[in-house]
$ cat target17.txt   # compact mmCIF, C-alpha atoms and all ligand atoms
# COMPACT_ATOMS: atom_id res chain seq x y z
CA MET A 1 -25.86 2.99 -2.58
CA ALA A 2 -23.10 2.97 0.00
CA ALA A 3 -20.86 -0.10 -0.04
CA PRO A 4 -20.91 -2.22 3.14
CA ILE A 5 -17.19 -1.72 3.76
CA THR A 6 -15.49 1.67 4.22
CA LEU A 7 -11.75 2.22 3.91
CA TYR A 8 -10.21 5.31 5.52
CA GLN A 9 -7.04 5.98 3.60
CA PHE A 10 -4.41 8.25 2.04
CA GLU A 11 -4.18 7.82 -1.71
CA LEU A 12 -0.39 7.54 -1.58
CA CYS A 13 -0.12 5.13 1.35
CA PRO A 14 1.27 1.68 0.45
CA PHE A 15 -0.43 0.11 3.49
CA CYS A 16 -3.80 1.38 2.25
CA HIS A 17 -3.09 -0.06 -1.20
CA LYS A 18 -2.34 -3.44 0.42
CA VAL A 19 -5.84 -3.39 1.89
CA LYS A 20 -7.42 -2.34 -1.42
CA ALA A 21 -5.65 -5.24 -3.17
CA GLY A 22 -7.02 -7.63 -0.52
CA LEU A 23 -10.56 -6.31 -0.86
CA GLU A 24 -10.44 -6.54 -4.64
CA VAL A 25 -8.92 -10.05 -4.74
CA LYS A 26 -11.87 -11.09 -2.59
CA GLY A 27 -14.26 -9.21 -4.89
CA LEU A 28 -15.62 -7.04 -2.06
CA ALA A 29 -17.17 -3.63 -2.78
CA TYR A 30 -15.92 -0.75 -0.63
CA ASP A 31 -16.09 3.01 -0.31
CA LYS A 32 -12.97 5.11 0.24
CA ILE A 33 -12.72 8.10 2.53
CA GLU A 34 -9.62 10.21 1.97
CA VAL A 35 -8.17 11.32 5.31
CA ASN A 36 -6.47 14.67 5.66
CA PRO A 37 -2.88 13.79 6.70
CA MET A 38 -2.52 17.09 8.58
CA ASN A 39 -5.34 16.57 11.12
CA LYS A 40 -6.84 13.15 10.28
CA LYS A 41 -10.24 14.44 11.29
CA GLU A 42 -12.03 12.07 8.90
CA LEU A 43 -10.94 9.02 10.95
CA PRO A 44 -14.07 7.36 12.36
CA PRO A 45 -15.05 7.72 16.01
CA GLY A 46 -14.88 4.56 18.09
CA LEU A 47 -11.25 3.57 17.57
CA PRO A 48 -9.51 2.38 20.76
CA GLU A 49 -7.78 5.14 22.78
CA ASP A 50 -4.37 3.58 22.18
CA ALA A 51 -4.82 3.13 18.42
CA PRO A 52 -2.24 5.12 16.43
CA LYS A 53 -3.72 7.99 14.41
CA LYS A 54 -2.83 6.28 11.17
CA VAL A 55 -4.41 4.91 8.03
CA PRO A 56 -5.57 2.41 6.87
CA VAL A 57 -8.63 1.89 9.05
CA ILE A 58 -11.54 -0.23 7.87
CA LYS A 59 -15.17 -0.26 8.93
CA PHE A 60 -16.95 -3.54 8.26
CA ALA A 61 -20.67 -3.88 7.53
CA ASP A 62 -21.31 -4.85 11.17
CA GLY A 63 -19.67 -1.59 12.33
CA GLU A 64 -16.45 -3.22 13.55
CA LEU A 65 -13.40 -1.00 13.13
CA VAL A 66 -9.99 -2.54 12.45
CA TYR A 67 -6.69 -0.67 12.00
CA ASP A 68 -3.24 -1.74 10.75
CA SER A 69 -3.01 -3.22 7.25
CA THR A 70 -1.85 -6.67 8.40
CA ASP A 71 -4.61 -6.97 11.00
CA ILE A 72 -7.12 -5.71 8.44
CA LEU A 73 -6.09 -8.34 5.89
CA HIS A 74 -6.37 -11.06 8.55
CA ALA A 75 -9.80 -9.74 9.60
CA LEU A 76 -10.88 -9.73 5.94
CA GLU A 77 -9.81 -13.34 5.57
CA ALA A 78 -11.72 -14.31 8.75
CA LYS A 79 -14.92 -12.45 7.85
CA HIS A 80 -14.86 -13.23 4.12
CA PRO A 81 -13.27 -16.66 3.67
CA GLU A 82 -14.28 -16.82 -0.01
CA ARG A 83 -11.31 -16.53 -2.42
CA PRO A 84 -8.86 -17.22 0.43
CA PHE A 85 -5.37 -15.74 0.36
CA THR A 86 -3.96 -18.07 3.00
CA PRO A 87 -2.17 -20.95 1.22
CA ALA A 88 -3.14 -24.43 2.46
CA ASP A 89 0.46 -25.63 2.09
CA ALA A 90 2.53 -24.79 5.22
CA ALA A 91 5.72 -23.86 3.35
CA ARG A 92 3.79 -21.58 0.97
CA LYS A 93 2.01 -19.97 3.91
CA ALA A 94 5.33 -19.34 5.68
CA ARG A 95 6.78 -17.73 2.52
CA SER A 96 3.64 -15.66 2.00
CA ASP A 97 3.81 -14.36 5.61
CA GLU A 98 7.52 -13.62 5.15
CA VAL A 99 6.84 -11.62 1.98
CA GLU A 100 3.99 -9.72 3.62
CA ALA A 101 6.21 -8.78 6.58
CA TRP A 102 9.01 -7.74 4.19
CA VAL A 103 6.60 -5.49 2.28
CA ASP A 104 5.75 -3.71 5.57
CA ASP A 105 9.23 -3.57 7.05
CA THR A 106 11.35 -2.94 3.97
CA PHE A 107 9.58 -2.40 0.66
CA ALA A 108 6.97 0.08 1.91
CA GLN A 109 9.71 1.95 3.79
CA ALA A 110 11.66 2.41 0.54
CA LEU A 111 8.66 3.65 -1.47
CA PRO A 112 8.50 7.28 -0.23
CA THR A 113 11.96 7.72 -1.78
CA VAL A 114 10.49 7.10 -5.25
CA ILE A 115 7.25 9.01 -4.60
CA TYR A 116 8.81 12.20 -3.24
CA GLY A 117 12.57 11.66 -3.85
CA THR A 118 12.96 14.15 -6.73
CA TRP A 119 11.12 17.41 -7.28
CA GLY A 120 9.44 15.91 -10.36
CA GLU A 121 8.13 13.02 -8.26
CA ALA A 122 6.98 15.35 -5.48
CA VAL A 123 4.99 17.37 -8.06
CA THR A 124 3.36 14.15 -9.35
CA ALA A 125 2.54 13.24 -5.74
CA ALA A 126 0.86 16.62 -5.25
CA GLN A 127 -1.19 16.05 -8.43
CA VAL A 128 -2.29 12.56 -7.37
CA THR A 129 -3.34 13.90 -3.97
CA ALA A 130 -5.28 16.74 -5.61
CA ARG A 131 -7.07 14.34 -7.95
CA THR A 132 -8.29 12.07 -5.18
CA SER A 133 -8.82 14.29 -2.19
CA ASN A 134 -12.16 15.63 -1.11
CA PHE A 135 -10.91 18.52 1.00
CA GLY A 136 -11.90 22.14 0.54
CA PHE A 137 -9.90 24.38 -1.82
CA VAL A 138 -7.59 25.94 0.77
CA GLN A 139 -7.06 22.72 2.65
CA ASN A 140 -6.33 21.00 -0.64
CA ILE A 141 -3.50 23.40 -1.48
CA GLY A 142 -2.08 22.92 2.01
CA VAL A 143 -2.15 19.13 1.76
CA ARG A 144 -0.68 19.12 -1.75
CA ALA A 145 2.15 21.58 -1.31
CA GLY A 146 2.83 21.12 2.41
CA GLY A 147 2.49 17.34 2.34
CA SER A 148 4.80 16.84 -0.63
CA LEU A 149 7.40 19.22 0.79
CA ILE A 150 7.46 17.46 4.15
CA MET A 151 7.57 14.05 2.48
CA HIS A 152 10.47 15.17 0.26
CA GLN A 153 12.49 15.94 3.41
CA ILE A 154 11.40 12.65 5.03
CA SER A 155 12.43 10.73 1.94
CA LYS A 156 15.96 12.21 2.13
CA ARG A 157 16.13 11.17 5.79
CA ILE A 158 14.98 7.61 5.01
CA LEU A 159 17.75 7.25 2.41
CA LYS A 160 20.38 8.56 4.82
CA ARG A 161 19.20 6.29 7.62
CA ASN A 162 19.55 3.33 5.29
CA GLY A 163 23.08 4.32 4.27
CA ARG A 164 22.04 5.45 0.79
CA GLY A 165 22.76 8.62 -1.15
CA PRO A 166 20.07 11.29 -1.74
CA LYS A 167 19.41 10.03 -5.28
CA ASP A 168 19.51 6.28 -4.58
CA GLY A 169 15.78 5.62 -4.12
CA ARG A 170 15.17 3.98 -7.47
CA ALA A 171 18.25 1.76 -7.21
CA TRP A 172 17.12 0.68 -3.75
CA VAL A 173 13.61 -0.20 -4.90
CA ARG A 174 15.07 -2.08 -7.88
CA GLU A 175 17.25 -4.17 -5.53
CA GLU A 176 14.25 -5.02 -3.39
CA VAL A 177 12.22 -6.02 -6.46
CA GLU A 178 15.03 -8.40 -7.43
CA ARG A 179 14.65 -10.03 -4.02
CA PHE A 180 10.91 -10.46 -4.65
CA GLU A 181 11.54 -11.97 -8.09
CA GLY A 182 13.92 -14.44 -6.43
CA TRP A 183 11.16 -15.55 -4.05
CA LEU A 184 8.67 -15.86 -6.89
CA GLY A 185 11.01 -17.95 -9.07
CA SER A 186 9.00 -19.48 -11.90
CA ASP A 187 5.76 -19.77 -9.89
CA ALA A 188 2.57 -18.00 -10.93
CA PHE A 189 2.13 -16.47 -7.47
CA ILE A 190 3.96 -16.47 -4.13
CA GLY A 191 0.90 -18.47 -3.04
CA GLY A 192 1.37 -21.01 -5.87
CA GLU A 193 -1.76 -21.34 -8.00
CA ASP A 194 -3.59 -18.46 -6.32
CA PRO A 195 -2.57 -15.07 -4.92
CA SER A 196 -1.65 -15.14 -1.22
CA LEU A 197 -1.28 -12.47 1.44
CA GLY A 198 2.29 -11.88 0.20
CA ASP A 199 1.10 -11.36 -3.38
CA VAL A 200 -1.67 -9.04 -2.22
CA ALA A 201 0.74 -6.95 -0.13
CA MET A 202 3.33 -6.57 -2.90
CA HIS A 203 0.74 -5.88 -5.58
CA GLY A 204 -0.81 -3.17 -3.44
CA ALA A 205 2.56 -1.59 -2.73
CA LEU A 206 3.34 -1.45 -6.46
CA THR A 207 -0.09 -0.06 -7.35
CA CYS A 208 0.71 2.76 -4.94
CA VAL A 209 3.47 3.97 -7.31
CA GLN A 210 1.64 3.40 -10.59
CA ASP A 211 1.73 7.10 -11.52
CA PHE A 212 5.47 7.44 -10.87
CA PRO A 213 8.50 6.84 -13.15
CA ILE A 214 9.67 3.85 -11.08
CA PHE A 215 6.53 1.91 -12.05
CA ALA A 216 7.12 2.18 -15.80
CA GLU A 217 10.72 1.16 -15.21
CA LEU A 218 9.74 -1.90 -13.13
CA MET A 219 7.15 -2.99 -15.68
CA GLN A 220 10.02 -3.48 -18.17
CA ARG A 221 10.99 -6.55 -16.12
CA PRO A 222 9.20 -9.54 -17.72
CA ALA A 223 9.00 -11.70 -14.56
CA LEU A 224 7.62 -8.88 -12.42
CA LYS A 225 5.24 -7.66 -15.14
CA GLY A 226 3.91 -11.19 -15.78
CA TRP A 227 3.21 -11.64 -12.06
CA TYR A 228 1.75 -8.11 -11.70
CA ASP A 229 -0.70 -8.72 -14.55
CA ARG A 230 -1.72 -12.12 -13.16
CA VAL A 231 -2.58 -10.60 -9.77
CA GLN A 232 -4.31 -7.65 -11.49
CA ALA A 233 -6.53 -10.13 -13.34
CA ARG A 234 -7.62 -11.53 -9.96
CA ARG A 235 -8.53 -8.09 -8.57
CA GLY A 236 -12.18 -7.28 -8.90
N1 LIG A 301 1.73 -0.63 10.45
C1 LIG A 301 0.73 0.25 9.87
C2 LIG A 301 1.43 1.44 9.24
C3 LIG A 301 0.45 2.48 8.74
C4 LIG A 301 1.14 3.80 8.43
O1 LIG A 301 2.34 4.00 8.70
N2 LIG A 301 0.37 4.71 7.82
C5 LIG A 301 0.88 6.01 7.51
C6 LIG A 301 0.57 6.40 6.08
S1 LIG A 301 1.44 5.41 4.88
C7 LIG A 301 0.17 7.06 8.37
O2 LIG A 301 -1.02 6.98 8.58
N3 LIG A 301 0.90 8.04 8.83
C8 LIG A 301 0.33 9.13 9.55
C9 LIG A 301 1.17 9.55 10.69
O3 LIG A 301 2.10 8.83 11.06
O4 LIG A 301 0.89 10.63 11.24
C10 LIG A 301 -0.10 -0.52 8.85
O5 LIG A 301 0.38 -1.54 8.32
O6 LIG A 301 -1.26 -0.16 8.59

$ encode --input "target17.txt" --output "structure tokens"
Amino acid sequence: MAAPITLYQFELCPFCHKVKAGLEVKGLAYDKIEVNPMNKKELPPGLPEDAPKKVPVIKFADGELVYDSTDILHALEAKHPERPFTPADAARKARSDEVEAWVDDTFAQALPTVIYGTWGEAVTAAQVTARTSNFGFVQNIGVRAGGSLIMHQISKRILKRNGRGPKDGRAWVREEVERFEGWLGSDAFIGGEDPSLGDVAMHGALTCVQDFPIFAELMQRPALKGWYDRVQARRG
């Protein structure tokens, strides 16, 4: 039976993983539709004219369409208040919102450099896309090879724009993770006793790179791994 919620996504999109983490922390069943990044023809009809042709997009049981990961997570919280990820404490909520915004503006921007930064990573990316996509054979080859090649070039540009060398992606992501660990301190979650929007966003972003070498490296860090496992236990 089809799940009441549908997520239109790319498998290697950190913003889509943020939404998946939110859905799973709330224990909500959903179906995924993989969108072809070349033409995005799987996106549902009915989106506003001025909506960017981007994923994630979510379709709720009542047919409402929402785009943009942050707006989707807020809509999820409003429609499904059970297992809330908005901390009651004002300071915690402010920190959680800060972390969520940082995931969007900084951490997710750094991730393509460790998904497509080296040829080895780009090959892994092509394999992950092949495993999850539902496109026809020819289209599949185009998305895998073409997509990874384009993203490899984009990843070099992102590094340059951020004043980093062509091989600095992993060091950059490591630095950002240190910032996150500083925010977490000795707490169980950014949200305190329960995962918040900030935890959901960061957990999703990390799940996005679970098949890549950076993930195994980051999981050697006891504080990050402890937190990652605690959020994982709350998903689903
Ligand atoms: N602010 C948006 C960003 C979404 C976004 O950048 N999605 C990328 C994939 S990771 C996309 O759909 N890109 C397609 C394109 O720009 O053509 C969100 O949080 O959902």

$ residues_near_ligand --input "target17.txt" --ligand "ligand LIG 301 (chain A)" --cutoff "10 Å" --atoms "all atoms listed in the file" --output "number ranges by chain"
A: 8-19, 35-40, 52-57, 66-73, 101, 103-105, 108-109, 111-112

$ atom_distance --input "target17.txt" --atom1 "atom CA of Pro87 of chain A" --atom2 "atom CA of Asp194 of chain A"
8.1 Å

$ atom_distance --input "target17.txt" --atom1 "atom CA of Ile115 of chain A" --atom2 "atom CA of Ser186 of chain A"
29.5 Å

$ atom_distance --input "target17.txt" --atom1 "atom CA of Lys160 of chain A" --atom2 "atom CA of Gln210 of chain A"
24.8 Å

$ residues_around --input "target17.txt" --residues "Gly46 of chain A" --least-positions-apart "3" --cutoff "10 Å" --atoms "only C-alpha atoms" --output "PDB file with C-alpha atoms, in the coordinates of the input"
ATOM      1  CA  LEU A  43     -10.940   9.020  10.950  1.00  0.00           C
ATOM      2  CA  GLU A  49      -7.780   5.140  22.780  1.00  0.00           C
ATOM      3  CA  GLY A  63     -19.670  -1.590  12.330  1.00  0.00           C
ATOM      4  CA  GLU A  64     -16.450  -3.220  13.550  1.00  0.00           C
ATOM      5  CA  LEU A  65     -13.400  -1.000  13.130  1.00  0.00           C
TER       6      LEU A  65
END

$ closest_residue --input "target17.txt" --among "A:Ile150, A:Ala51, A:Ile58, A:Leu206" --to "Tyr30 of chain A" --atoms "only C-alpha atoms"
A:Ile58

$ closest_residue --input "target17.txt" --among "A:Asp62, A:Glu176, A:Glu121, A:Asp89" --to "Glu193 of chain A" --atoms "all atoms listed in the file"
A:Asp89

$ residues_around --input "target17.txt" --residues "segment 230-233 of chain A" --least-positions-apart "6" --cutoff "8 Å" --atoms "only C-alpha atoms" --output "NGL selection string"
:A and (188-189 or 195 or 199-200 or 203)

$ build_atoms --input "target17.txt" --residues "segment 108-135 of chain A" --atoms "N, CA and C atoms" --output "short mmCIF file (atom, residue, chain, number, x, y, z; two decimals), keeping the file's coordinate frame"
data_model
loop_
_atom_site.label_atom_id
_atom_site.label_comp_id
_atom_site.auth_asym_id
_atom_site.auth_seq_id
_atom_site.Cartn_x
_atom_site.Cartn_y
_atom_site.Cartn_z
N ALA A 108 7.79 -1.13 1.72
CA ALA A 108 6.97 0.08 1.91
C ALA A 108 7.80 1.22 2.48
N GLN A 109 8.86 0.89 3.23
CA GLN A 109 9.71 1.95 3.79
C GLN A 109 10.52 2.63 2.69
N ALA A 110 10.86 1.83 1.64
CA ALA A 110 11.66 2.41 0.54
C ALA A 110 10.81 3.25 -0.41
N LEU A 111 9.50 3.00 -0.44
CA LEU A 111 8.66 3.65 -1.47
C LEU A 111 8.60 5.18 -1.41
N PRO A 112 8.55 5.81 -0.21
CA PRO A 112 8.50 7.28 -0.23
C PRO A 112 9.67 7.90 -1.01
N THR A 113 10.79 7.16 -1.09
CA THR A 113 11.96 7.72 -1.78
C THR A 113 11.77 7.75 -3.30
N VAL A 114 10.78 7.01 -3.81
CA VAL A 114 10.49 7.10 -5.25
C VAL A 114 9.14 7.79 -5.52
N ILE A 115 8.50 8.23 -4.43
CA ILE A 115 7.25 9.01 -4.60
C ILE A 115 7.55 10.50 -4.42
N TYR A 116 8.51 10.79 -3.54
CA TYR A 116 8.81 12.20 -3.24
C TYR A 116 10.30 12.51 -3.37
N GLY A 117 11.10 11.55 -3.89
CA GLY A 117 12.57 11.66 -3.85
C GLY A 117 13.10 12.81 -4.69
N THR A 118 12.51 13.04 -5.88
CA THR A 118 12.96 14.15 -6.73
C THR A 118 11.84 15.20 -6.75
N TRP A 119 12.17 16.39 -7.21
CA TRP A 119 11.12 17.41 -7.28
C TRP A 119 10.02 17.02 -8.25
N GLY A 120 10.42 16.37 -9.37
CA GLY A 120 9.44 15.91 -10.36
C GLY A 120 8.46 14.93 -9.72
N GLU A 121 9.00 14.00 -8.93
CA GLU A 121 8.13 13.02 -8.26
C GLU A 121 7.22 13.71 -7.25
N ALA A 122 7.79 14.66 -6.50
CA ALA A 122 6.98 15.35 -5.48
C ALA A 122 5.82 16.11 -6.14
N VAL A 123 6.07 16.65 -7.34
CA VAL A 123 4.99 17.37 -8.06
C VAL A 123 3.91 16.36 -8.48
N THR A 124 4.34 15.20 -9.00
CA THR A 124 3.36 14.15 -9.35
C THR A 124 2.55 13.76 -8.12
N ALA A 125 3.23 13.62 -6.98
CA ALA A 125 2.54 13.24 -5.74
C ALA A 125 1.48 14.28 -5.39
N ALA A 126 1.82 15.55 -5.55
CA ALA A 126 0.86 16.62 -5.25
C ALA A 126 -0.34 16.52 -6.19
N GLN A 127 -0.08 16.17 -7.46
CA GLN A 127 -1.19 16.05 -8.43
C GLN A 127 -2.10 14.87 -8.10
N VAL A 128 -1.48 13.74 -7.72
CA VAL A 128 -2.29 12.56 -7.37
C VAL A 128 -3.16 12.88 -6.16
N THR A 129 -2.58 13.54 -5.18
CA THR A 129 -3.34 13.90 -3.97
C THR A 129 -4.49 14.82 -4.34
N ALA A 130 -4.23 15.79 -5.22
CA ALA A 130 -5.28 16.74 -5.61
C ALA A 130 -6.42 16.03 -6.32
N ARG A 131 -6.08 15.05 -7.15
CA ARG A 131 -7.07 14.34 -7.95
C ARG A 131 -8.03 13.55 -7.05
N THR A 132 -7.49 13.01 -5.97
CA THR A 132 -8.29 12.07 -5.18
C THR A 132 -8.88 12.67 -3.92
N SER A 133 -8.39 13.81 -3.50
CA SER A 133 -8.82 14.29 -2.19
C SER A 133 -10.17 15.00 -2.27
N ASN A 134 -10.83 15.02 -1.15
CA ASN A 134 -12.16 15.63 -1.11
C ASN A 134 -12.18 16.82 -0.15
N PHE A 135 -11.00 17.41 0.06
CA PHE A 135 -10.91 18.52 1.00
C PHE A 135 -11.32 19.81 0.29
#
